[in-house]
>>> print(open('my_file-v4.pdb').read())   # PDB, C-alpha atoms
MODEL        1
ATOM      1  CA  MET A  21       0.000   0.000   0.000
ATOM      2  CA  TYR A  22       2.928   2.319   0.641
ATOM      3  CA  ARG A  23       4.780   1.450  -2.543
ATOM      4  CA  PHE A  24       3.804   4.839  -3.937
ATOM      5  CA  LEU A  25       6.488   6.335  -1.676
ATOM      6  CA  LEU A  26       9.094   4.825  -4.027
ATOM      7  CA  THR A  27       7.723   6.484  -7.154
ATOM      8  CA  PRO A  28       9.764   9.326  -8.741
ATOM      9  CA  ARG A  29       7.100  11.866  -7.771
ATOM     10  CA  TRP A  30       7.239  10.866  -4.114
ATOM     11  CA  TRP A  31      11.024  10.689  -4.157
ATOM     12  CA  GLY A  32      10.953  14.396  -5.039
ATOM     13  CA  ILE A  33       8.428  15.167  -2.288
ATOM     14  CA  ASN A  34      10.408  13.214   0.318
ATOM     15  CA  VAL A  35      13.707  14.882  -0.602
ATOM     16  CA  PHE A  36      12.058  18.308  -0.384
ATOM     17  CA  VAL A  37      10.641  17.503   3.082
ATOM     18  CA  LEU A  38      13.969  16.127   4.339
ATOM     19  CA  LEU A  39      15.718  19.323   3.244
ATOM     20  CA  ALA A  40      12.997  21.799   4.260
ATOM     21  CA  ILE A  41      12.583  20.660   7.881
ATOM     22  CA  PRO A  42      16.231  21.008   8.986
ATOM     23  CA  PHE A  43      16.500  24.281   7.047
ATOM     24  CA  CYS A  44      13.495  25.742   8.887
ATOM     25  CA  VAL A  45      14.798  24.496  12.238
ATOM     26  CA  PHE A  46      18.235  25.964  11.507
ATOM     27  CA  MET A  47      16.825  29.365  10.528
ATOM     28  CA  GLY A  48      14.541  29.408  13.581
ATOM     29  CA  SER A  49      17.442  28.535  15.875
ATOM     30  CA  TRP A  50      19.595  31.243  14.269
ATOM     31  CA  GLN A  51      16.915  33.898  14.763
ATOM     32  CA  LEU A  52      16.509  32.767  18.383
ATOM     33  CA  SER A  53      20.255  33.082  18.928
ATOM     34  CA  ARG A  54      20.132  36.621  17.507
ATOM     35  CA  PHE A  55      17.405  37.510  20.011
ATOM     36  CA  GLU A  56      19.381  35.966  22.886
ATOM     37  CA  ASP A  57      22.486  37.900  21.793
ATOM     38  CA  ARG A  58      20.521  41.154  21.891
ATOM     39  CA  VAL A  59      19.187  40.323  25.347
ATOM     40  CA  GLN A  60      22.729  39.626  26.556
ATOM     41  CA  ASP A  61      24.057  42.813  24.921
ATOM     42  CA  HIS A  62      21.329  44.823  26.631
ATOM     43  CA  LYS A  63      22.105  43.255  30.005
ATOM     44  CA  THR A  64      25.851  43.759  29.601
ATOM     45  CA  ALA A  65      25.493  47.363  28.400
ATOM     46  CA  THR A  66      23.168  48.243  31.282
ATOM     47  CA  GLU A  67      25.565  46.740  33.806
ATOM     48  CA  GLU A  68      28.516  48.566  32.257
ATOM     49  CA  VAL A  69      26.727  51.923  32.320
ATOM     50  CA  SER A  70      26.055  51.435  36.038
ATOM     51  CA  ALA A  71      29.572  50.181  36.816
ATOM     52  CA  GLU A  72      31.390  52.863  34.832
ATOM     53  CA  LYS A  73      29.977  55.600  37.082
ATOM     54  CA  GLN A  74      32.479  54.426  39.683
ATOM     55  CA  GLU A  75      35.488  54.368  37.343
ATOM     56  CA  ALA A  76      37.998  57.186  37.093
ATOM     57  CA  ALA A  77      37.349  59.638  34.268
ATOM     58  CA  ARG A  78      39.774  59.555  31.336
ATOM     59  CA  PRO A  79      40.786  62.186  28.760
ATOM     60  CA  LEU A  80      38.553  62.497  25.718
ATOM     61  CA  ALA A  81      41.314  61.567  23.249
ATOM     62  CA  GLU A  82      41.653  58.113  24.832
ATOM     63  CA  LEU A  83      37.981  57.254  24.265
ATOM     64  CA  LEU A  84      37.431  58.368  20.681
ATOM     65  CA  PRO A  85      35.924  57.223  18.405
ATOM     66  CA  VAL A  86      32.901  56.207  20.447
ATOM     67  CA  ASP A  87      31.844  52.575  20.068
ATOM     68  CA  LYS A  88      29.971  49.981  22.126
ATOM     69  CA  LYS A  89      33.018  49.544  24.345
ATOM     70  CA  THR A  90      33.641  53.218  25.141
ATOM     71  CA  SER A  91      30.050  54.476  25.134
ATOM     72  CA  GLY A  92      29.105  55.309  28.708
ATOM     73  CA  ASP A  93      32.727  55.619  29.897
ATOM     74  CA  ARG A  94      33.445  58.566  32.188
ATOM     75  CA  VAL A  95      35.405  61.322  30.487
ATOM     76  CA  THR A  96      36.954  64.589  31.604
ATOM     77  CA  VAL A  97      37.312  67.551  29.247
ATOM     78  CA  SER A  98      38.488  71.145  29.702
ATOM     79  CA  GLY A  99      37.530  74.173  27.662
ATOM     80  CA  ARG A 100      35.247  77.181  27.459
ATOM     81  CA  TYR A 101      31.507  77.083  26.955
ATOM     82  CA  GLY A 102      30.163  78.623  23.766
ATOM     83  CA  LYS A 103      26.828  78.501  21.969
ATOM     84  CA  GLN A 104      23.881  76.999  23.850
ATOM     85  CA  LEU A 105      20.970  75.046  22.340
ATOM     86  CA  LEU A 106      17.867  73.330  23.692
ATOM     87  CA  VAL A 107      16.762  69.777  22.877
ATOM     88  CA  PRO A 108      12.954  69.599  23.300
ATOM     89  CA  GLY A 109      10.784  66.529  23.707
ATOM     90  CA  ARG A 110      12.969  64.658  26.218
ATOM     91  CA  GLN A 111      11.441  62.776  29.136
ATOM     92  CA  LEU A 112      12.973  62.155  32.534
ATOM     93  CA  ASP A 113      11.215  60.374  35.412
ATOM     94  CA  ASP A 114       8.083  60.146  33.213
ATOM     95  CA  ARG A 115       7.923  63.933  32.878
ATOM     96  CA  ASP A 116       8.148  65.967  29.681
ATOM     97  CA  GLY A 117      10.976  68.446  29.385
ATOM     98  CA  TYR A 118      14.108  69.351  27.483
ATOM     99  CA  PHE A 119      17.881  69.097  27.602
ATOM    100  CA  VAL A 120      20.133  72.136  27.930
ATOM    101  CA  LEU A 121      22.987  71.528  25.484
ATOM    102  CA  THR A 122      26.084  73.754  25.500
ATOM    103  CA  LEU A 123      29.080  73.504  23.174
ATOM    104  CA  LEU A 124      32.386  73.182  25.009
ATOM    105  CA  ARG A 125      35.289  74.576  22.941
ATOM    106  CA  THR A 126      38.514  72.716  23.671
ATOM    107  CA  ASP A 127      42.151  73.651  23.079
ATOM    108  CA  GLU A 128      42.120  71.393  19.994
ATOM    109  CA  GLY A 129      39.905  73.931  18.242
ATOM    110  CA  LYS A 130      36.825  71.683  18.194
ATOM    111  CA  ALA A 131      33.599  71.800  20.178
ATOM    112  CA  LEU A 132      32.080  69.002  22.256
ATOM    113  CA  PRO A 133      28.303  69.000  22.887
ATOM    114  CA  VAL A 134      27.693  68.841  26.642
ATOM    115  CA  VAL A 135      24.269  68.169  28.134
ATOM    116  CA  ARG A 136      24.440  70.240  31.304
ATOM    117  CA  GLY A 137      21.067  69.031  32.558
ATOM    118  CA  TRP A 138      17.317  68.609  32.086
ATOM    119  CA  LEU A 139      14.465  70.993  32.820
ATOM    120  CA  PRO A 140      10.722  70.238  32.900
ATOM    121  CA  GLY A 141       8.120  71.888  30.707
ATOM    122  CA  ILE A 142       8.272  73.500  27.292
ATOM    123  CA  ALA A 143      11.694  74.461  25.987
ATOM    124  CA  GLY A 144      12.419  78.141  26.446
ATOM    125  CA  ALA A 145      15.751  79.926  26.156
ATOM    126  CA  ALA A 146      14.830  82.346  28.931
ATOM    127  CA  LYS A 147      14.410  79.490  31.437
ATOM    128  CA  ALA A 148      17.714  77.764  30.615
ATOM    129  CA  PRO A 149      20.595  78.768  32.965
ATOM    130  CA  ALA A 150      23.531  80.431  31.251
ATOM    131  CA  PRO A 151      26.757  78.421  31.181
ATOM    132  CA  PRO A 152      29.669  79.277  33.502
ATOM    133  CA  ALA A 153      32.181  81.751  32.101
ATOM    134  CA  GLY A 154      35.900  81.129  31.735
ATOM    135  CA  GLU A 155      37.855  77.888  31.674
ATOM    136  CA  VAL A 156      35.911  74.891  33.002
ATOM    137  CA  THR A 157      36.584  71.183  33.397
ATOM    138  CA  VAL A 158      33.582  68.902  32.976
ATOM    139  CA  THR A 159      33.197  65.247  33.916
ATOM    140  CA  GLY A 160      30.483  62.976  32.613
ATOM    141  CA  ALA A 161      29.508  59.966  30.531
ATOM    142  CA  LEU A 162      30.611  59.832  26.916
ATOM    143  CA  GLN A 163      27.807  59.120  24.449
ATOM    144  CA  ALA A 164      27.667  58.332  20.739
ATOM    145  CA  SER A 165      25.908  60.712  18.353
ATOM    146  CA  GLU A 166      22.163  60.142  18.227
ATOM    147  CA  THR A 167      20.318  58.975  15.134
ATOM    148  CA  PRO A 168      17.094  60.892  14.395
ATOM    149  CA  GLY A 169      14.053  58.639  14.324
ATOM    150  CA  SER A 170      15.472  55.921  16.578
ATOM    151  CA  ASN A 171      15.514  55.258  20.329
ATOM    152  CA  GLY A 172      12.970  57.991  20.956
ATOM    153  CA  VAL A 173      14.989  60.687  19.182
ATOM    154  CA  SER A 174      12.727  63.031  17.240
ATOM    155  CA  ALA A 175      13.212  63.286  13.490
ATOM    156  CA  ALA A 176      10.841  66.220  13.129
ATOM    157  CA  GLY A 177      12.148  69.377  11.524
ATOM    158  CA  GLY A 178      11.016  72.967  11.665
ATOM    159  CA  LEU A 179      12.144  73.580  15.247
ATOM    160  CA  PRO A 180      12.484  77.174  16.487
ATOM    161  CA  ALA A 181      15.880  78.854  16.329
ATOM    162  CA  GLY A 182      18.180  77.722  19.102
ATOM    163  CA  GLN A 183      16.759  74.186  19.237
ATOM    164  CA  THR A 184      17.796  70.819  17.815
ATOM    165  CA  GLY A 185      15.992  67.484  17.705
ATOM    166  CA  ALA A 186      19.052  65.232  17.927
ATOM    167  CA  ILE A 187      22.467  65.477  19.541
ATOM    168  CA  SER A 188      24.818  64.620  16.731
ATOM    169  CA  ALA A 189      27.526  66.271  14.676
ATOM    170  CA  ALA A 190      25.369  65.898  11.557
ATOM    171  CA  SER A 191      22.432  67.736  13.184
ATOM    172  CA  LEU A 192      24.538  70.474  14.776
ATOM    173  CA  VAL A 193      26.952  71.243  11.943
ATOM    174  CA  ASN A 194      24.614  73.862  10.443
ATOM    175  CA  LEU A 195      23.631  75.346  13.815
ATOM    176  CA  VAL A 196      27.014  76.188  15.346
ATOM    177  CA  PRO A 197      30.129  77.845  13.869
ATOM    178  CA  TYR A 198      32.535  75.213  15.220
ATOM    179  CA  ASP A 199      34.144  71.979  14.125
ATOM    180  CA  LEU A 200      32.502  69.254  16.176
ATOM    181  CA  TYR A 201      33.466  66.004  17.858
ATOM    182  CA  ASP A 202      31.316  63.072  16.759
ATOM    183  CA  ALA A 203      30.236  62.443  20.362
ATOM    184  CA  TRP A 204      28.629  64.204  23.317
ATOM    185  CA  VAL A 205      28.800  64.162  27.106
ATOM    186  CA  THR A 206      26.144  64.158  29.799
ATOM    187  CA  LEU A 207      27.403  65.585  33.092
ATOM    188  CA  ASP A 208      27.577  63.448  36.221
ATOM    189  CA  LYS A 209      25.869  66.253  38.138
ATOM    190  CA  GLY A 210      23.368  68.688  36.688
ATOM    191  CA  ASP A 211      24.689  72.214  36.305
ATOM    192  CA  SER A 212      23.004  75.268  37.886
ATOM    193  CA  GLY A 213      20.339  73.242  39.693
ATOM    194  CA  MET A 214      19.256  71.242  36.636
ATOM    195  CA  LYS A 215      18.681  67.486  36.796
ATOM    196  CA  ALA A 216      21.507  65.317  35.488
ATOM    197  CA  VAL A 217      20.636  63.274  32.397
ATOM    198  CA  PRO A 218      21.498  59.578  32.902
ATOM    199  CA  ALA A 219      23.761  57.883  30.385
ATOM    200  CA  THR A 220      22.109  55.485  27.964
ATOM    201  CA  ALA A 221      23.247  52.129  26.649
ATOM    202  CA  PRO A 222      24.980  52.065  23.235
ATOM    203  CA  ALA A 223      22.906  51.794  20.072
ATOM    204  CA  ASP A 224      21.796  48.302  18.961
ATOM    205  CA  THR A 225      22.175  46.887  22.473
ATOM    206  CA  GLY A 226      18.628  47.390  23.684
ATOM    207  CA  LEU A 227      15.467  45.297  23.471
ATOM    208  CA  ASP A 228      14.105  47.338  20.582
ATOM    209  CA  LEU A 229      11.816  46.429  17.685
ATOM    210  CA  LYS A 230      14.622  44.591  15.890
ATOM    211  CA  ALA A 231      15.100  42.274  18.855
ATOM    212  CA  PHE A 232      11.431  41.304  18.940
ATOM    213  CA  GLN A 233      11.413  40.905  15.150
ATOM    214  CA  ASN A 234      14.066  38.227  15.630
ATOM    215  CA  LEU A 235      11.808  36.528  18.167
ATOM    216  CA  GLY A 236       8.862  36.722  15.770
ATOM    217  CA  TYR A 237      10.911  35.241  12.916
ATOM    218  CA  THR A 238      11.914  32.402  15.250
ATOM    219  CA  GLY A 239       8.274  31.432  15.687
ATOM    220  CA  GLU A 240       7.581  31.721  11.961
ATOM    221  CA  TRP A 241      10.398  29.354  10.973
ATOM    222  CA  PHE A 242       9.310  26.726  13.516
ATOM    223  CA  VAL A 243       5.714  27.035  12.284
ATOM    224  CA  PHE A 244       6.947  26.493   8.712
ATOM    225  CA  ALA A 245       8.721  23.310   9.824
ATOM    226  CA  GLY A 246       5.559  22.025  11.468
ATOM    227  CA  PHE A 247       3.507  22.915   8.389
ATOM    228  CA  VAL A 248       5.840  20.908   6.123
ATOM    229  CA  VAL A 249       5.453  17.848   8.361
ATOM    230  CA  PHE A 250       1.665  18.310   8.503
ATOM    231  CA  MET A 251       1.346  18.578   4.705
ATOM    232  CA  TRP A 252       3.542  15.501   4.160
ATOM    233  CA  PHE A 253       1.344  13.351   6.420
ATOM    234  CA  ARG A 254      -1.761  14.747   4.756
ATOM    235  CA  LEU A 255      -0.505  13.858   1.284
ATOM    236  CA  VAL A 256       0.498  10.354   2.426
ATOM    237  CA  ARG A 257      -2.915   9.828   3.991
ATOM    238  CA  ARG A 258      -4.671  10.901   0.787
ATOM    239  CA  GLU A 259      -2.563   8.507  -1.326
ATOM    240  CA  VAL A 260      -3.307   5.641   1.075
ATOM    241  CA  GLU A 261      -7.038   6.374   0.874
ATOM    242  CA  PHE A 262      -6.888   6.385  -2.939
ATOM    243  CA  ALA A 263      -5.045   3.042  -2.912
ATOM    244  CA  ARG A 264      -7.553   1.527  -0.496
ATOM    245  CA  ASP A 265     -10.470   2.735  -2.604
ATOM    246  CA  ALA A 266      -8.889   1.193  -5.680
ATOM    247  CA  GLU A 267      -8.499  -2.158  -3.910
ATOM    248  CA  LEU A 268     -12.171  -2.068  -2.913
ATOM    249  CA  GLY A 269     -13.224  -1.220  -6.449
ATOM    250  CA  LEU A 270     -14.460   2.211  -5.485
ATOM    251  CA  ALA A 271     -12.164   3.925  -7.956
ATOM    252  CA  PRO A 272     -12.386   1.970 -11.259
ATOM    253  CA  ALA A 273      -9.703   2.638 -13.812
ATOM    254  CA  ASP A 274     -12.191   3.714 -16.474
ATOM    255  CA  VAL A 275     -13.604   6.571 -14.391
ATOM    256  CA  ASP A 276     -13.635   9.798 -16.322
ATOM    257  CA  ALA A 277     -10.325  11.620 -15.708
ATOM    258  CA  ASP A 278     -11.937  14.929 -14.932
ATOM    259  CA  ALA A 279     -14.291  13.389 -12.428
ATOM    260  CA  SER A 280     -11.561  11.446 -10.650
ATOM    261  CA  THR A 281      -9.370  14.531 -10.454
ATOM    262  CA  SER A 282     -12.069  16.749  -9.060
ATOM    263  CA  GLY A 283     -13.395  14.118  -6.688
ATOM    264  CA  GLY A 284     -16.896  14.347  -8.181
ATOM    265  CA  GLU A 285     -19.207  11.573  -9.303
ATOM    266  CA  PRO A 286     -18.649  10.161 -12.816
ATOM    267  CA  ALA A 287     -21.215  11.294 -15.345
ATOM    268  CA  PRO A 288     -23.937   8.677 -15.936
ATOM    269  CA  ALA A 289     -23.870   6.871 -19.279
ATOM    270  CA  ARG A 290     -26.260   8.305 -21.839
ATOM    271  CA  GLN A 291     -29.211   6.033 -22.604
ATOM    272  CA  ASP A 292     -31.306   6.150 -25.723
ATOM    273  CA  VAL A 293     -34.970   5.915 -24.969
ATOM    274  CA  GLY A 294     -37.198   4.663 -27.698
ATOM    275  CA  VAL A 295     -40.383   6.435 -28.577
TER     276      VAL A 295
ENDMDL
END
>>> encode(input="my_file-v4.pdb", output="structure tokens")
Amino acid sequence: MYRFLLTPRWWGINVFVLLAIPFCVFMGSWQLSRFEDRVQDHKTATEEVSAEKQEAARPLAELLPVDKKTSGDRVTVSGRYGKQLLVPGRQLDDRDGYFVLTLLRTDEGKALPVVRGWLPGIAGAAKAPAPPAGEVTVTGALQASETPGSNGVSAAGGLPAGQTGAISAASLVNLVPYDLYDAWVTLDKGDSGMKAVPATAPADTGLDLKAFQNLGYTGEWFVFAGFVVFMWFRLVRREVEFARDAELGLAPADVDADASTSGGEPAPARQDVGV
């Protein structure tokens, strides 16, 4: 009854099933490993951000360029404050507010964006404390440039003069007359009574949409594997039923091809009726 499994047609089906199942399992396992890697990266990055608050601050030159390893490290920089900007639409402790961002001009002739603190409410230049005058030395957490449209960073344009949506060299280059470092710093302690802005984990280390897409793809690949197995058993069962029907004479060989294919009843033979 199962001799049909040795026919060329079924050889092709069987080979396809034997290749498709391990492929689906492999792809599902790979997507699951990607999700687990992101979870581990998020855990490690969060722990490092907390631990690095206790480490001694290092000069800026030793930590550039900013990457996953140096993001969040404590840095110390000296210079003079210059132009000040506001970064609206930033939340802290579940409250709406804005960052006060001031450019620190260093002896190297470049400017480093420094987030001196956070204030609640609607961004207003009159409410933002002026930066200290003269030579200053700041200490805080080094951060990579933000990407508009990701991690809660606004990509909206048309902001009032003196405001920026993202803290990045690309966003600030047309707003300030300085050469810029491709990084920024958030102070350990808020300046002039403002609240300090906590350091964030590096990009691509959080449990973001991409991480949960990996988890969703994991489920899809395992479902595909189960579907292949289900369809194989269904096809085998149908072939067995056809063979059994043939043995019982329920599927005669001279049945009209169209009827047997569609599963319908064969058309009755035409009879001539005399008048």
>>> resolve_selection(input="my_file-v4.pdb", expression="the PyMOL selection byres ((chain A and resi 76-85) around 8)", output="mmCIF file with C-alpha atoms, in the frame of the given file")
data_model
loop_
_atom_site.group_PDB
_atom_site.id
_atom_site.type_symbol
_atom_site.label_atom_id
_atom_site.label_comp_id
_atom_site.auth_asym_id
_atom_site.auth_seq_id
_atom_site.Cartn_x
_atom_site.Cartn_y
_atom_site.Cartn_z
ATOM 1 C CA GLN A 74 32.479 54.426 39.683
ATOM 2 C CA GLU A 75 35.488 54.368 37.343
ATOM 3 C CA VAL A 86 32.901 56.207 20.447
ATOM 4 C CA ASP A 87 31.844 52.575 20.068
ATOM 5 C CA THR A 90 33.641 53.218 25.141
ATOM 6 C CA ASP A 93 32.727 55.619 29.897
ATOM 7 C CA ARG A 94 33.445 58.566 32.188
ATOM 8 C CA VAL A 95 35.405 61.322 30.487
ATOM 9 C CA THR A 96 36.954 64.589 31.604
ATOM 10 C CA VAL A 97 37.312 67.551 29.247
ATOM 11 C CA THR A 159 33.197 65.247 33.916
ATOM 12 C CA GLY A 160 30.483 62.976 32.613
ATOM 13 C CA ASP A 202 31.316 63.072 16.759
ATOM 14 C CA ALA A 203 30.236 62.443 20.362
#
>>> residues_around(input="my_file-v4.pdb", residues="Lys215 in chain A", least_positions_apart="4", cutoff="8 Å", atoms="only C-alpha atoms", output="count of residues only")
6
>>> residues_around(input="my_file-v4.pdb", residues="Leu200 in chain A", least_positions_apart="2", cutoff="10 Å", atoms="only C-alpha atoms", output="list in words")
Leu123, Leu124, Arg125, Gly129, Lys130, Ala131, Leu132, Pro133, Ser188, Ala189, Ala190, Leu192, Val193, Val196, Pro197, Tyr198, Asp202, Ala203 and Trp204 of chain A
>>> closest_residue(input="my_file-v4.pdb", among="A:Tyr237, A:Phe36, A:Trp31, A:Phe250", to="Phe55 in chain A", atoms="all atoms listed in the file")
A:Tyr237
>>> closest_residue(input="my_file-v4.pdb", among="A:Asp57, A:Asp208, A:Glu259, A:Asp114", to="Ala161 in chain A", atoms="only C-alpha atoms")
A:Asp208
>>> atom_distance(input="my_file-v4.pdb", atom1="CA of Trp252 in chain A", atom2="CA of Val37 in chain A")
7.5 Å
